[in-house]
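Q: Just one file: entry-v5.txt, with compact mmCIF, C-alpha atoms.
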# COMPACT_ATOMS: atom_id res chain seq x y z
CA GLN H 1 130.71 94.95 94.16
CA LYS H 2 131.41 93.90 90.60
CA GLU H 3 134.69 95.10 89.19
CA VAL H 4 133.17 96.38 85.97
CA GLU H 5 129.56 97.51 85.68
CA GLN H 6 127.50 98.48 82.68
CA ASN H 7 123.84 99.18 82.11
CA SER H 8 122.55 96.21 80.15
CA GLY H 9 120.13 98.33 78.14
CA PRO H 10 118.76 98.17 75.59
CA LEU H 11 119.76 101.68 74.71
CA SER H 12 117.65 102.84 71.81
CA VAL H 13 118.69 105.86 69.75
CA PRO H 14 117.49 107.25 66.42
CA GLU H 15 119.74 107.14 63.40
CA GLY H 16 122.08 110.12 63.32
CA ALA H 17 121.99 110.71 67.07
CA ILE H 18 124.83 110.35 69.57
CA ALA H 19 124.84 107.11 71.51
CA SER H 20 126.44 107.30 74.96
CA LEU H 21 127.57 104.11 76.66
CA ASN H 22 128.91 104.12 80.19
CA CYS H 23 131.02 101.84 82.34
CA THR H 24 132.13 102.14 85.96
CA TYR H 25 134.92 100.21 87.59
CA SER H 26 136.15 99.35 91.06
CA ASP H 27 139.38 100.41 92.72
CA ARG H 28 141.09 97.11 91.99
CA VAL H 29 141.27 97.57 88.29
CA SER H 30 144.19 99.05 86.47
CA GLN H 31 144.27 102.01 84.18
CA SER H 32 143.83 100.14 80.89
CA PHE H 33 140.35 100.22 79.41
CA PHE H 34 138.82 98.81 76.27
CA TRP H 35 135.59 98.87 74.35
CA TYR H 36 134.55 95.87 72.28
CA ARG H 37 131.65 95.61 69.88
CA GLN H 38 129.89 92.28 69.54
CA TYR H 39 127.31 91.61 66.87
CA SER H 40 124.85 88.83 67.53
CA GLY H 41 126.45 85.47 66.81
CA LYS H 42 129.91 86.98 66.35
CA SER H 43 132.99 87.32 68.53
CA PRO H 44 133.97 90.60 70.23
CA GLU H 45 135.83 93.13 68.11
CA LEU H 46 138.14 95.67 69.71
CA ILE H 47 137.10 99.18 68.73
CA MET H 48 138.78 101.47 71.27
CA SER H 49 141.42 101.42 73.96
CA ILE H 50 142.17 104.25 76.38
CA TYR H 51 144.86 104.59 79.01
CA SER H 52 144.93 108.29 79.98
CA ASN H 53 142.41 110.66 81.47
CA GLY H 54 140.46 112.59 78.88
CA ASP H 55 139.10 111.87 75.43
CA LYS H 56 140.36 109.68 72.63
CA GLU H 57 138.74 109.96 69.23
CA ASP H 58 138.73 107.50 66.35
CA GLY H 59 136.36 108.29 63.52
CA ARG H 60 132.81 108.38 64.88
CA PHE H 61 133.92 106.88 68.19
CA THR H 62 135.15 108.79 71.24
CA ALA H 63 136.27 107.10 74.43
CA GLN H 64 136.29 109.18 77.59
CA LEU H 65 138.14 108.24 80.77
CA ASN H 66 137.63 109.89 84.15
CA LYS H 67 139.82 108.23 86.73
CA ALA H 68 138.66 110.44 89.61
CA SER H 69 135.07 109.33 89.08
CA GLN H 70 136.08 105.82 88.01
CA TYR H 71 134.15 105.70 84.78
CA VAL H 72 134.85 105.24 81.15
CA SER H 73 132.39 106.00 78.38
CA LEU H 74 132.02 105.48 74.66
CA LEU H 75 130.30 108.00 72.43
CA ILE H 76 129.15 107.04 68.97
CA ARG H 77 128.39 110.05 66.80
CA ASP H 78 126.03 109.92 63.82
CA SER H 79 124.76 106.51 64.92
CA GLN H 80 123.86 104.10 62.14
CA PRO H 81 121.68 100.99 62.18
CA SER H 82 124.89 99.03 61.57
CA ASP H 83 126.07 100.18 65.01
CA SER H 84 123.35 98.06 66.61
CA ALA H 85 125.27 95.56 68.70
CA THR H 86 126.31 94.80 72.25
CA TYR H 87 129.14 96.97 73.52
CA LEU H 88 131.42 95.43 76.12
CA CYS H 89 133.60 97.42 78.46
CA ALA H 90 136.75 95.60 79.56
CA VAL H 91 139.53 96.48 81.97
CA VAL H 92 142.86 94.98 82.92
CA LEU H 93 143.10 94.11 86.61
CA SER H 94 145.85 95.72 88.63
CA GLY H 95 148.67 93.23 88.83
CA GLY H 96 146.68 90.90 86.62
CA TYR H 97 149.21 90.68 83.79
CA ASN H 98 146.87 91.17 80.84
CA LYS H 99 143.79 89.58 82.40
CA LEU H 100 140.73 91.29 80.97
CA ILE H 101 137.58 91.60 83.05
CA PHE H 102 134.45 92.26 81.05
CA GLY H 103 131.32 94.10 81.97
CA ALA H 104 127.96 92.56 81.19
CA GLY H 105 127.64 94.64 78.03
CA THR H 106 125.14 97.25 76.86
CA ARG H 107 122.87 96.42 73.97
CA LEU H 108 122.53 99.33 71.55
CA ALA H 109 119.69 99.56 69.05
CA VAL H 110 119.84 102.29 66.40
CA HIS H 111 116.52 102.70 64.65
CA PRO H 112 116.03 104.39 61.29
CA SER L 1 146.18 92.51 64.07
CA ALA L 2 146.70 88.76 63.87
CA VAL L 3 144.38 86.44 61.98
CA ILE L 4 142.91 83.91 64.41
CA SER L 5 141.05 80.77 63.46
CA GLN L 6 139.23 78.23 65.59
CA LYS L 7 138.16 74.70 64.86
CA PRO L 8 135.49 73.50 64.98
CA SER L 9 133.25 76.52 64.50
CA ARG L 10 130.39 74.64 66.10
CA ASP L 11 129.57 71.18 67.36
CA ILE L 12 126.80 69.23 68.99
CA CYS L 13 128.06 66.68 71.48
CA GLN L 14 126.56 64.11 73.78
CA ARG L 15 126.94 64.40 77.51
CA GLY L 16 129.87 62.53 78.97
CA THR L 17 132.06 63.01 75.90
CA SER L 18 134.96 65.43 75.36
CA LEU L 19 135.68 67.99 72.68
CA THR L 20 138.99 69.60 71.79
CA ILE L 21 138.92 73.10 70.34
CA GLN L 22 141.87 74.39 68.38
CA CYS L 23 143.06 77.99 68.11
CA GLN L 24 145.56 78.88 65.40
CA VAL L 25 147.17 82.28 64.85
CA ASP L 26 148.93 83.35 61.68
CA SER L 27 151.83 84.94 63.58
CA GLN L 28 153.63 84.49 66.88
CA VAL L 29 151.83 86.05 69.82
CA THR L 30 152.92 86.73 73.36
CA MET L 31 149.82 85.58 75.21
CA MET L 32 146.80 83.39 74.53
CA PHE L 33 143.63 83.12 76.57
CA TRP L 34 140.48 81.02 76.61
CA TYR L 35 137.08 82.47 77.45
CA ARG L 36 133.58 81.14 77.77
CA GLN L 37 130.45 83.05 76.86
CA GLN L 38 127.26 81.43 78.04
CA PRO L 39 123.99 82.29 76.29
CA GLY L 40 123.03 85.90 76.90
CA GLN L 41 126.03 86.47 79.14
CA SER L 42 129.31 88.32 78.99
CA LEU L 43 132.73 86.74 78.67
CA THR L 44 134.37 84.80 81.49
CA LEU L 45 138.06 84.03 81.44
CA ILE L 46 138.77 80.31 81.79
CA ALA L 47 142.55 80.33 81.75
CA THR L 48 145.73 81.79 80.36
CA ALA L 49 147.47 79.35 78.03
CA ASN L 50 151.18 79.37 78.82
CA GLN L 51 153.64 78.26 76.20
CA GLY L 52 155.50 75.16 77.31
CA SER L 53 153.97 75.00 80.79
CA GLU L 54 150.67 74.41 82.56
CA ALA L 55 147.89 76.89 81.98
CA THR L 56 146.87 79.35 84.68
CA TYR L 57 143.23 78.75 85.59
CA GLU L 58 140.74 81.22 86.98
CA SER L 59 138.65 80.55 90.03
CA GLY L 60 135.96 78.00 89.24
CA PHE L 61 137.84 76.33 86.39
CA VAL L 62 140.06 73.28 86.84
CA ILE L 63 142.55 71.47 84.67
CA ASP L 64 140.72 68.14 84.82
CA LYS L 65 137.65 69.70 83.26
CA PHE L 66 139.37 72.12 80.86
CA PRO L 67 142.84 70.84 79.96
CA ILE L 68 144.74 73.34 77.84
CA SER L 69 147.85 72.97 75.75
CA ARG L 70 150.04 75.57 74.10
CA PRO L 71 152.95 73.85 72.40
CA ASN L 72 154.21 76.94 70.57
CA LEU L 73 153.61 80.66 70.06
CA THR L 74 150.87 80.27 67.44
CA PHE L 75 148.69 77.38 68.59
CA SER L 76 146.62 76.32 71.58
CA THR L 77 143.91 73.78 72.36
CA LEU L 78 141.15 73.72 74.95
CA THR L 79 139.43 70.44 75.80
CA VAL L 80 136.03 70.40 77.42
CA SER L 81 135.92 67.09 79.27
CA ASN L 82 133.04 64.92 80.44
CA MET L 83 130.56 67.40 79.07
CA SER L 84 127.17 68.21 80.50
CA PRO L 85 124.44 70.48 79.11
CA GLU L 86 125.75 73.25 81.39
CA ASP L 87 128.89 73.35 79.21
CA SER L 88 126.84 74.58 76.25
CA SER L 89 128.51 77.88 75.46
CA ILE L 90 130.60 79.75 72.99
CA TYR L 91 134.30 79.18 73.62
CA LEU L 92 136.66 81.88 72.43
CA CYS L 93 140.40 82.17 72.26
CA SER L 94 142.09 85.54 72.34
CA VAL L 95 145.64 86.74 71.84
CA VAL L 96 147.91 89.58 72.79
CA THR L 97 150.16 90.25 69.86
CA ARG L 98 153.03 92.20 71.36
CA GLU L 99 154.91 92.33 74.62
CA GLY L 100 153.88 95.25 76.80
CA LEU L 101 150.47 95.64 75.17
CA TYR L 102 147.13 94.77 76.71
CA GLU L 103 144.85 94.74 73.68
CA GLN L 104 143.32 91.32 73.12
CA TYR L 105 141.97 90.10 69.81
CA PHE L 106 139.44 87.32 69.62
CA GLY L 107 139.01 84.34 67.39
CA PRO L 108 135.63 83.63 65.78
CA GLY L 109 134.56 81.30 68.56
CA THR L 110 133.31 77.71 68.83
CA ARG L 111 129.62 77.23 69.55
CA LEU L 112 129.19 74.08 71.61
CA THR L 113 125.86 72.45 72.32
CA VAL L 114 125.74 69.50 74.69
CA THR L 115 122.67 67.27 74.56
Mind turning the file's structure into structure tokens?
A:
Amino acid sequence: QKEVEQNSGPLSVPEGAIASLNCTYSDRVSQSFFWYRQYSGKSPELIMSIYSNGDKEDGRFTAQLNKASQYVSLLIRDSQPSDSATYLCAVVLSGGYNKLIFGAGTRLAVHP
Amino acid sequence: SAVISQKPSRDICQRGTSLTIQCQVDSQVTMMFWYRQQPGQSLTLIATANQGSEATYESGFVIDKFPISRPNLTFSTLTVSNMSPEDSSIYLCSVVTREGLYEQYFGPGTRLTVT
């Protein structure tokens, strides 16, 4: 079983809709979770981090963590065409002193 | 967050040669990492660059192939040795800026093509 799993997509949503991106993780991983956005040809950009159960909001982005169900999600409200990118879920391994393990990424396409 | 630069931004190299990639940060950072991103794939950690000592390599990566240096808290190099077309990838450095944090910030990457 992979340590971090994401649906590769593409996830297609209309402009203005809510985009929901999901990530599940194995028992080995720690409780530190991150979402990165990667535009084509660019490097990953950190957009959200979450450490505690529940929701964390930052502008149009909300990260949700459910430790009991072992998933973390990213909601993008009022999606814009500029949000079209690949979204990478990343976790720090337990005892892995800052080692990030990345999921395969979900490609999001927001169409006008 | 720190400003991270990488040199070169891209290169085309012949098989059998070596390329050294530089990563420079505008401030001292606690940790530096090197990743590889093959075409259409996610990121794979190559190694943790340790300041003043040998890098810590992940399974599948060895020092002879990917020697790494980190002489100080703002600079690191990754060499891709004896290259083959399978080494064609984007190579990225990342940093952790403060002790006790886990957030990593990435440099712009080096796109390597081996012919």
Q: When you count only C-alpha atoms, which of these residues is closest to Arg98 (chain L): H:Cys89, H:Asn98, H:Ala104, H:Gly54?
A: H:Asn98
Q: For chain L against chain H, which residues fall within 7 Å using only C-alpha atoms, given as a PyMOL selection string?
A: chain L and resi 41-43+102+105-109
Q: Under the rule that only C-alpha atoms are counted, which of H:Thr106, H:Ser82, H:Ser30, H:Ser69 is the nearest residue to Glu15 (chain H)?
A: H:Ser82
Q: Rounded to one decimal, what separation in Å do you get between CA of Phe66 (chain L) and CA of Leu93 (chain H)?
A: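 Computing the Euclidean distance for CA of Phe66 (chain L) and CA of Leu93 (chain H) yields 23.0 Å.
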Q: Taking into account all atoms listed in the file, which residue in the set L:Gln104, L:Thr20, L:Ile63, L:Val114 is nearest to Trp35 (chain H)?
A: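 Once distances to Trp35 (chain H) are computed over all atoms listed in the file, the minimum belongs to L:Gln104.
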Q: May I ask for the distance between CA of Asn53 (chain H) and CA of Ser73 (chain H), given in Å to one decimal place?
A: 11.5 Å
Q: Go ahead and compute the interatomic distance for CA of Gln24 (chain L) and CA of Asn82 (chain L), in Å to one decimal.
A: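 Going from CA of Gln24 (chain L) over to CA of Asn82 (chain L) covers 24.0 Å.
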